[in-house]
>>> print(open('data_3.txt').read())   # compact mmCIF, C-alpha atoms and all ligand atoms
# COMPACT_ATOMS: atom_id res chain seq x y z
CA MET A 1 -15.88 43.86 251.95
CA PRO A 2 -16.46 40.55 250.14
CA THR A 3 -13.53 38.13 250.14
CA LYS A 4 -11.67 38.01 246.85
CA LYS A 5 -11.63 34.51 245.36
CA VAL A 6 -8.29 32.76 245.02
CA LYS A 7 -8.05 32.07 241.29
CA LYS A 8 -4.35 32.41 240.49
CA ALA A 9 -1.31 30.30 241.23
CA VAL A 10 2.40 30.80 240.66
CA ILE A 11 4.76 27.88 240.11
CA PRO A 12 8.44 28.86 240.42
CA ALA A 13 10.39 26.67 237.99
CA ALA A 14 13.58 28.58 237.33
CA GLY A 15 15.95 26.42 239.38
CA LEU A 16 18.84 24.78 237.58
CA GLY A 17 18.05 21.28 238.83
CA THR A 18 21.71 20.56 239.54
CA ARG A 19 20.81 17.64 241.84
CA PHE A 20 19.63 15.71 238.81
CA LEU A 21 22.50 16.36 236.41
CA PRO A 22 23.13 15.15 233.79
CA ALA A 23 19.38 14.42 233.26
CA THR A 24 18.58 18.12 233.69
CA LYS A 25 21.25 19.45 231.35
CA ALA A 26 18.73 19.90 228.53
CA LEU A 27 15.48 18.91 230.28
CA ALA A 28 13.63 21.00 232.87
CA LYS A 29 13.68 19.15 236.19
CA GLU A 30 9.91 19.75 236.43
CA MET A 31 9.55 17.46 233.40
CA LEU A 32 11.16 14.43 235.06
CA PRO A 33 8.37 11.84 235.16
CA ILE A 34 6.95 9.96 238.11
CA VAL A 35 6.24 6.72 236.18
CA ASP A 36 4.55 8.47 233.23
CA LYS A 37 3.58 11.94 234.47
CA PRO A 38 5.94 14.94 234.72
CA THR A 39 6.20 16.23 238.28
CA ILE A 40 4.84 19.66 237.29
CA GLN A 41 1.65 18.03 236.00
CA PHE A 42 0.84 16.82 239.53
CA ILE A 43 1.12 20.42 240.72
CA VAL A 44 -1.05 21.75 237.90
CA GLU A 45 -3.68 19.07 238.64
CA GLU A 46 -3.71 19.99 242.35
CA ALA A 47 -4.27 23.64 241.38
CA LEU A 48 -7.11 22.86 238.97
CA LYS A 49 -8.82 20.52 241.46
CA SER A 50 -8.73 23.40 243.96
CA GLY A 51 -10.51 25.84 241.63
CA ILE A 52 -7.45 27.75 240.41
CA GLU A 53 -8.12 29.19 236.95
CA ASP A 54 -4.83 30.80 235.88
CA ILE A 55 -1.32 29.55 236.50
CA LEU A 56 1.92 31.43 235.96
CA VAL A 57 5.07 29.35 235.60
CA VAL A 58 8.23 31.32 236.33
CA THR A 59 10.83 29.63 234.17
CA GLY A 60 14.53 29.90 233.50
CA LYS A 61 16.79 28.25 230.96
CA SER A 62 15.93 24.85 229.39
CA LYS A 63 12.26 25.21 230.20
CA ARG A 64 10.86 25.02 226.67
CA SER A 65 9.75 21.45 227.36
CA ILE A 66 7.30 22.69 230.03
CA GLU A 67 5.64 25.03 227.54
CA ASP A 68 5.48 22.31 224.91
CA HIS A 69 4.07 19.76 227.35
CA PHE A 70 1.02 21.89 228.08
CA ASP A 71 0.54 22.95 224.45
CA SER A 72 -1.46 21.02 221.88
CA ASN A 73 0.57 18.69 219.64
CA PHE A 74 -1.41 18.36 216.43
CA GLU A 75 0.74 15.65 214.85
CA LEU A 76 0.62 13.42 217.93
CA GLU A 77 -3.11 13.94 218.45
CA TYR A 78 -3.81 13.23 214.77
CA ASN A 79 -1.79 10.02 214.85
CA LEU A 80 -3.48 8.78 218.01
CA LYS A 81 -6.89 9.55 216.47
CA VAL A 82 -6.10 7.68 213.25
CA LYS A 83 -4.84 4.69 215.23
CA LYS A 84 -7.92 4.90 217.49
CA LYS A 85 -5.74 5.03 220.59
CA ASN A 86 -8.47 6.76 222.56
CA ASP A 87 -7.03 6.08 226.01
CA LEU A 88 -3.75 7.74 225.07
CA LEU A 89 -5.57 10.58 223.38
CA LYS A 90 -7.46 11.22 226.61
CA LEU A 91 -4.17 11.42 228.54
CA VAL A 92 -2.78 13.91 226.04
CA ASP A 93 -6.03 15.92 226.14
CA GLU A 94 -5.66 16.34 229.90
CA THR A 95 -2.56 18.46 229.37
CA THR A 96 -4.11 21.03 227.06
CA GLY A 97 -6.68 23.80 227.38
CA ILE A 98 -5.28 24.96 230.74
CA ASN A 99 -4.73 28.70 231.28
CA LEU A 100 -0.98 28.56 231.71
CA HIS A 101 1.22 31.61 231.40
CA PHE A 102 4.99 31.80 231.35
CA ILE A 103 7.51 34.38 232.39
CA ARG A 104 11.28 34.10 232.41
CA GLN A 105 13.39 34.92 235.42
CA SER A 106 16.64 35.69 233.65
CA HIS A 107 18.89 35.89 236.74
CA PRO A 108 17.62 33.51 239.44
CA ARG A 109 18.17 35.32 242.75
CA GLY A 110 16.11 33.11 245.02
CA LEU A 111 12.52 32.03 245.63
CA GLY A 112 11.41 35.48 246.79
CA ASP A 113 12.68 37.01 243.57
CA ALA A 114 10.93 34.32 241.49
CA VAL A 115 7.62 35.12 243.20
CA LEU A 116 8.18 38.85 242.64
CA GLN A 117 8.15 38.18 238.87
CA ALA A 118 4.43 37.36 239.28
CA LYS A 119 3.49 40.84 240.52
CA ALA A 120 1.77 42.06 237.33
CA PHE A 121 0.09 38.68 236.73
CA VAL A 122 -1.36 38.55 240.24
CA GLY A 123 -2.46 42.20 240.59
CA ASN A 124 -4.39 42.97 243.74
CA GLU A 125 -5.66 39.47 244.54
CA PRO A 126 -4.79 36.71 246.98
CA PHE A 127 -2.88 33.93 245.20
CA MET A 128 -1.14 30.60 245.64
CA VAL A 129 2.55 29.80 245.38
CA MET A 130 3.11 26.11 244.66
CA LEU A 131 6.62 24.64 244.73
CA GLY A 132 7.32 21.91 242.23
CA ASP A 133 9.55 19.82 244.51
CA ASP A 134 6.69 19.04 246.90
CA LEU A 135 3.95 16.69 245.70
CA MET A 136 1.01 16.09 248.04
CA ASP A 137 -1.31 13.10 248.42
CA ILE A 138 -0.65 11.80 244.92
CA ASN A 139 -2.45 8.55 245.60
CA ASP A 140 -5.67 9.54 247.27
CA ASN A 141 -8.67 11.73 246.79
CA SER A 142 -8.56 13.75 249.99
CA ILE A 143 -9.09 17.52 249.87
CA PRO A 144 -6.02 18.94 248.04
CA LEU A 145 -3.73 21.01 250.29
CA THR A 146 -4.25 24.04 248.03
CA GLN A 147 -8.01 23.70 248.55
CA GLN A 148 -7.47 23.44 252.32
CA LEU A 149 -5.53 26.74 252.30
CA ILE A 150 -8.25 28.38 250.21
CA ASN A 151 -10.89 27.15 252.67
CA ASP A 152 -8.86 28.72 255.51
CA TYR A 153 -8.52 31.99 253.59
CA GLU A 154 -12.27 32.18 253.05
CA LYS A 155 -12.70 32.17 256.83
CA THR A 156 -9.74 34.30 257.93
CA HIS A 157 -9.00 36.53 254.87
CA ALA A 158 -5.34 36.09 255.81
CA SER A 159 -2.21 34.61 254.24
CA THR A 160 -1.76 30.97 255.23
CA ILE A 161 1.37 28.87 254.82
CA ALA A 162 1.37 25.05 254.82
CA VAL A 163 3.65 23.39 257.38
CA MET A 164 4.39 19.88 258.55
CA PRO A 165 6.55 18.38 261.32
CA VAL A 166 9.93 17.13 260.08
CA PRO A 167 12.70 15.29 261.96
CA HIS A 168 14.60 17.82 264.07
CA GLU A 169 17.95 17.20 262.36
CA GLU A 170 16.36 18.13 259.00
CA VAL A 171 15.01 21.59 259.92
CA SER A 172 17.97 23.39 258.34
CA ALA A 173 16.67 22.38 254.88
CA TYR A 174 13.42 24.32 255.40
CA GLY A 175 11.70 27.49 256.44
CA VAL A 176 10.52 26.91 260.02
CA ILE A 177 7.81 28.61 262.09
CA ALA A 178 7.65 29.63 265.72
CA PRO A 179 3.98 28.88 266.45
CA GLN A 180 2.11 31.06 268.90
CA GLY A 181 0.57 28.58 271.31
CA GLU A 182 -1.39 25.49 270.33
CA GLY A 183 -3.02 25.36 266.92
CA ILE A 184 -6.79 25.25 266.63
CA ASP A 185 -7.80 22.38 264.34
CA GLY A 186 -4.32 22.49 262.79
CA LEU A 187 -4.34 26.26 262.20
CA TYR A 188 -1.59 28.20 264.02
CA SER A 189 -0.92 31.86 264.65
CA VAL A 190 2.76 32.45 264.06
CA GLU A 191 5.33 34.44 265.96
CA THR A 192 8.17 34.25 263.44
CA PHE A 193 9.14 32.56 260.18
CA VAL A 194 12.83 31.62 259.92
CA GLU A 195 14.55 30.39 256.75
CA LYS A 196 16.88 27.40 257.14
CA PRO A 197 17.74 27.67 260.86
CA SER A 198 20.38 25.40 262.35
CA PRO A 199 18.79 22.66 264.50
CA ASP A 200 19.93 24.33 267.74
CA GLN A 201 18.29 27.62 266.70
CA ALA A 202 15.10 26.28 265.13
CA PRO A 203 12.03 27.56 266.99
CA SER A 204 10.08 24.32 266.27
CA ASP A 205 10.02 21.28 263.99
CA LEU A 206 7.15 22.68 261.90
CA ALA A 207 8.60 23.19 258.41
CA ILE A 208 7.18 25.10 255.43
CA ILE A 209 6.29 22.57 252.73
CA GLY A 210 5.82 24.40 249.46
CA ARG A 211 2.21 25.64 249.44
CA TYR A 212 1.61 29.28 250.29
CA LEU A 213 -1.58 31.31 250.11
CA LEU A 214 -0.47 34.93 250.06
CA THR A 215 -2.11 38.33 249.99
CA PRO A 216 -0.75 40.75 247.34
CA GLU A 217 0.91 42.95 250.01
CA ILE A 218 3.80 40.46 249.83
CA PHE A 219 5.01 42.10 246.60
CA GLY A 220 5.77 45.49 248.17
CA ILE A 221 7.84 43.67 250.79
CA LEU A 222 9.64 41.50 248.24
CA GLU A 223 10.64 44.59 246.27
CA ASN A 224 12.70 45.77 249.22
CA GLN A 225 13.76 42.40 250.57
CA ALA A 226 17.50 42.10 251.28
CA PRO A 227 19.18 38.75 250.54
CA GLY A 228 18.99 36.26 253.40
CA ALA A 229 20.05 32.62 253.85
CA GLY A 230 22.37 31.45 251.06
CA ASP A 231 22.60 35.09 249.92
CA GLU A 232 19.25 34.69 248.15
CA ILE A 233 16.05 36.75 248.31
CA GLN A 234 14.01 34.49 250.57
CA LEU A 235 10.21 34.27 250.44
CA THR A 236 10.23 33.18 254.10
CA ASP A 237 11.88 36.48 255.16
CA ALA A 238 9.24 38.50 253.29
CA ILE A 239 6.46 36.43 254.92
CA ASP A 240 7.98 37.14 258.33
CA THR A 241 7.80 40.88 257.57
CA LEU A 242 4.22 40.55 256.26
CA ASN A 243 3.27 38.85 259.54
CA LYS A 244 4.25 42.03 261.39
CA THR A 245 1.61 44.12 259.62
CA GLN A 246 -1.14 41.58 258.89
CA ARG A 247 -1.69 38.12 260.39
CA VAL A 248 -0.18 35.17 258.61
CA PHE A 249 -1.38 31.73 259.69
CA ALA A 250 0.20 28.31 259.31
CA ARG A 251 -1.90 25.28 258.36
CA GLU A 252 -0.51 21.92 259.48
CA PHE A 253 -0.81 19.35 256.69
CA SER A 254 -1.73 15.88 257.83
CA GLY A 255 -1.55 14.09 254.46
CA GLN A 256 1.39 12.55 252.66
CA ARG A 257 4.13 14.76 251.23
CA PHE A 258 6.56 13.54 248.59
CA ASP A 259 9.83 15.40 248.14
CA VAL A 260 10.83 14.96 244.51
CA GLY A 261 13.62 17.52 244.85
CA ASP A 262 16.28 14.97 245.78
CA LYS A 263 17.22 11.64 244.28
CA PHE A 264 16.03 9.30 246.99
CA GLY A 265 12.76 11.22 247.50
CA TYR A 266 12.20 11.05 243.76
CA MET A 267 12.75 7.28 243.72
CA LYS A 268 10.40 6.74 246.67
CA THR A 269 7.70 8.83 245.00
CA SER A 270 8.02 6.80 241.79
CA ILE A 271 7.61 3.55 243.74
CA GLU A 272 4.64 4.77 245.79
CA TYR A 273 2.90 6.09 242.69
CA GLY A 274 3.77 2.94 240.74
CA LEU A 275 2.17 0.81 243.46
CA ASN A 276 -1.13 2.50 242.63
CA HIS A 277 -0.70 2.70 238.87
CA PRO A 278 -3.16 0.36 237.08
CA GLN A 279 -0.62 -0.72 234.44
CA VAL A 280 2.34 -1.55 236.65
CA LYS A 281 1.13 -1.99 240.23
CA ASP A 282 0.87 -5.80 240.25
CA ASP A 283 4.24 -6.40 238.62
CA LEU A 284 5.92 -3.77 240.75
CA LYS A 285 4.52 -5.22 243.96
CA GLN A 286 5.73 -8.71 243.05
CA TYR A 287 9.11 -7.32 242.08
CA ILE A 288 9.48 -5.56 245.44
CA ILE A 289 8.49 -8.73 247.33
CA ASP A 290 11.02 -10.80 245.37
CA LEU A 291 13.69 -8.14 245.78
CA GLY A 292 13.05 -8.03 249.53
CA LYS A 293 13.59 -11.79 249.74
CA LYS A 294 16.74 -11.57 247.67
CA LEU A 295 18.18 -8.73 249.75
CA SER A 296 17.38 -10.47 253.02
CA GLY A 297 18.88 -13.72 251.77
CA THR A 298 15.64 -15.73 251.96
CA SER A 299 15.17 -16.12 248.22
CA ASP A 300 15.16 -19.60 246.64
CA ASN A 301 17.21 -18.47 243.64
C1 LIG B 401 12.18 26.33 249.80
C2 LIG B 401 11.82 27.40 250.83
C3 LIG B 401 11.75 26.79 252.23
C4 LIG B 401 10.75 25.64 252.22
C5 LIG B 401 11.11 24.61 251.14
C6 LIG B 401 10.01 23.55 251.00
O1 LIG B 401 13.49 25.89 250.05
O2 LIG B 401 12.81 28.43 250.80
O3 LIG B 401 11.35 27.76 253.16
O4 LIG B 401 10.72 25.03 253.50
O5 LIG B 401 11.26 25.24 249.86
O6 LIG B 401 10.35 22.56 250.08
P1 LIG B 401 14.36 25.07 248.95
O7 LIG B 401 13.90 23.64 249.04
O8 LIG B 401 14.10 25.69 247.63
O9 LIG B 401 15.79 25.21 249.40
>>> encode(input="data_3.txt", output="structure tokens", more="lines below")
Ligand code: G1P
Amino acid sequence: MPTKKVKKAVIPAAGLGTRFLPATKALAKEMLPIVDKPTIQFIVEEALKSGIEDILVVTGKSKRSIEDHFDSNFELEYNLKVKKKNDLLKLVDETTGINLHFIRQSHPRGLGDAVLQAKAFVGNEPFMVMLGDDLMDINDNSIPLTQQLINDYEKTHASTIAVMPVPHEEVSAYGVIAPQGEGIDGLYSVETFVEKPSPDQAPSDLAIIGRYLLTPEIFGILENQAPGAGDEIQLTDAIDTLNKTQRVFAREFSGQRFDVGDKFGYMKTSIEYGLNHPQVKDDLKQYIIDLGKKLSGTSDN
């Protein structure tokens, strides 16, 4: 049987974004910019670079701005054209013409439930789940993590979940895997997937990092999934069940991951991206050098 191509991705974006209140009172947290680009645009770009053709965004309240961002804006485009602001026009162009679809999750009941909303969109195909809080390799041109998972799938025909080592005391913020033996070239067979274990019960320090390539059999499991950690329907629990009937692999990511889901992670990401941004990198670098001197008490002024 020929392998089905991975052409669809699901981006869950129904969270309330409470960590960024009051900024997220009226604005979707996925629209918070890293310098000048909304975080969700990084995710969409990673998907497109990896050959994904259709993307479903599972939204909740206050998410109109996401739909508008990826829609054409005639007035803005017309004005930029008249003023011959071609560079800006190009940036605006990059956000349109993408096959984006939207569905509302009216009562957010957890990540597993958000993914279940994609059942009809996905049909009987393998697909990606891409979490908006995790940005990967935003400053280099290495093979996108989504593409790496697709490459694995083309060899194994199996679901593959991206993982990365995290400091042991942080495991309880993640889904964690119990790997079966040593990985081969970064690809692990997995014994169990555990959502948010306490550090003393975590089977390893390999944490799930927000990119999942899943076979459609996950939906039947999600439909019957009981609430787990935090009393939410957990995707990790459904993946653990899937792994009992068909193999699920874990791919260790060796690039750079940026967690924009908390304030400090968001600030670090903005600085790292700014240090590579043509318009601000020189000024930002100088500013950080001067600030370092000031904070360490070696500044002249
Ligand atoms: C979710 C998943 C968790 C995963 C994490 C990655 O948790 O449930 O398994 O490790 O994303 O960012 P959340 O961050 O939504 O609590």
>>> residues_around(input="data_3.txt", residues="A:Arg64", least_positions_apart="5", cutoff="12 Å", atoms="only C-alpha atoms", output="count of residues only")
17
>>> closest_residue(input="data_3.txt", among="A:Ile289, A:Ala229, A:Ile239, A:Ala207", to="ligand LIG 401 (chain B)", atoms="only C-alpha atoms and all ligand atoms")
A:Ala207
>>> residues_around(input="data_3.txt", residues="A:Ile43", least_positions_apart="4", cutoff="9 Å", atoms="all atoms listed in the file", output="list of chain:residue names")
A:Ile11, A:Thr39, A:Ala47, A:Leu48, A:Met130, A:Leu131, A:Gly132, A:Asp134, A:Leu135, A:Met136
>>> residues_near_ligand(input="data_3.txt", ligand="ligand LIG 401 (chain B)", cutoff="7 Å", atoms="only C-alpha atoms and all ligand atoms", output="count of residues only")
17
>>> closest_residue(input="data_3.txt", among="A:Ser159, A:Thr269, A:Glu75, A:Lys61", to="A:Lys37", atoms="all atoms listed in the file")
A:Thr269
>>> closest_residue(input="data_3.txt", among="A:Leu91, A:Pro38, A:Glu125, A:Glu45", to="A:Lys7", atoms="only C-alpha atoms")
A:Glu125
>>> closest_residue(input="data_3.txt", among="A:Gly255, A:Pro179, A:Gly110, A:Gly17", to="A:Asn141", atoms="all atoms listed in the file")
A:Gly255
>>> residues_near_point(input="data_3.txt", point="(6.2, 45.0, 247.3)", cutoff="12 Å", atoms="all atoms listed in the file", output="PyMOL selection string")
chain A and resi 112-113+115-120+123-124+215-225+235+238-239+241-242
>>> closest_residue(input="data_3.txt", among="A:Glu53, A:Leu88, A:Val171, A:Thr96", to="A:Asn73", atoms="only C-alpha atoms")
A:Thr96
>>> residues_around(input="data_3.txt", residues="A:Asn99", least_positions_apart="6", cutoff="9 Å", atoms="only C-alpha atoms", output="short mmCIF file (atom, residue, chain, number, x, y, z; two decimals) with C-alpha atoms, in the coordinates of the input")
data_model
loop_
_atom_site.label_atom_id
_atom_site.label_comp_id
_atom_site.auth_asym_id
_atom_site.auth_seq_id
_atom_site.Cartn_x
_atom_site.Cartn_y
_atom_site.Cartn_z
CA GLU A 53 -8.12 29.19 236.95
CA ASP A 54 -4.83 30.80 235.88
CA ILE A 55 -1.32 29.55 236.50
CA LEU A 56 1.92 31.43 235.96
#
>>> atom_distance(input="data_3.txt", atom1="atom CA of A:Lys281", atom2="atom CA of A:Arg19")
27.8 Å
>>> atom_distance(input="data_3.txt", atom1="atom CA of A:Ala114", atom2="atom CA of A:Ser204")
26.7 Å
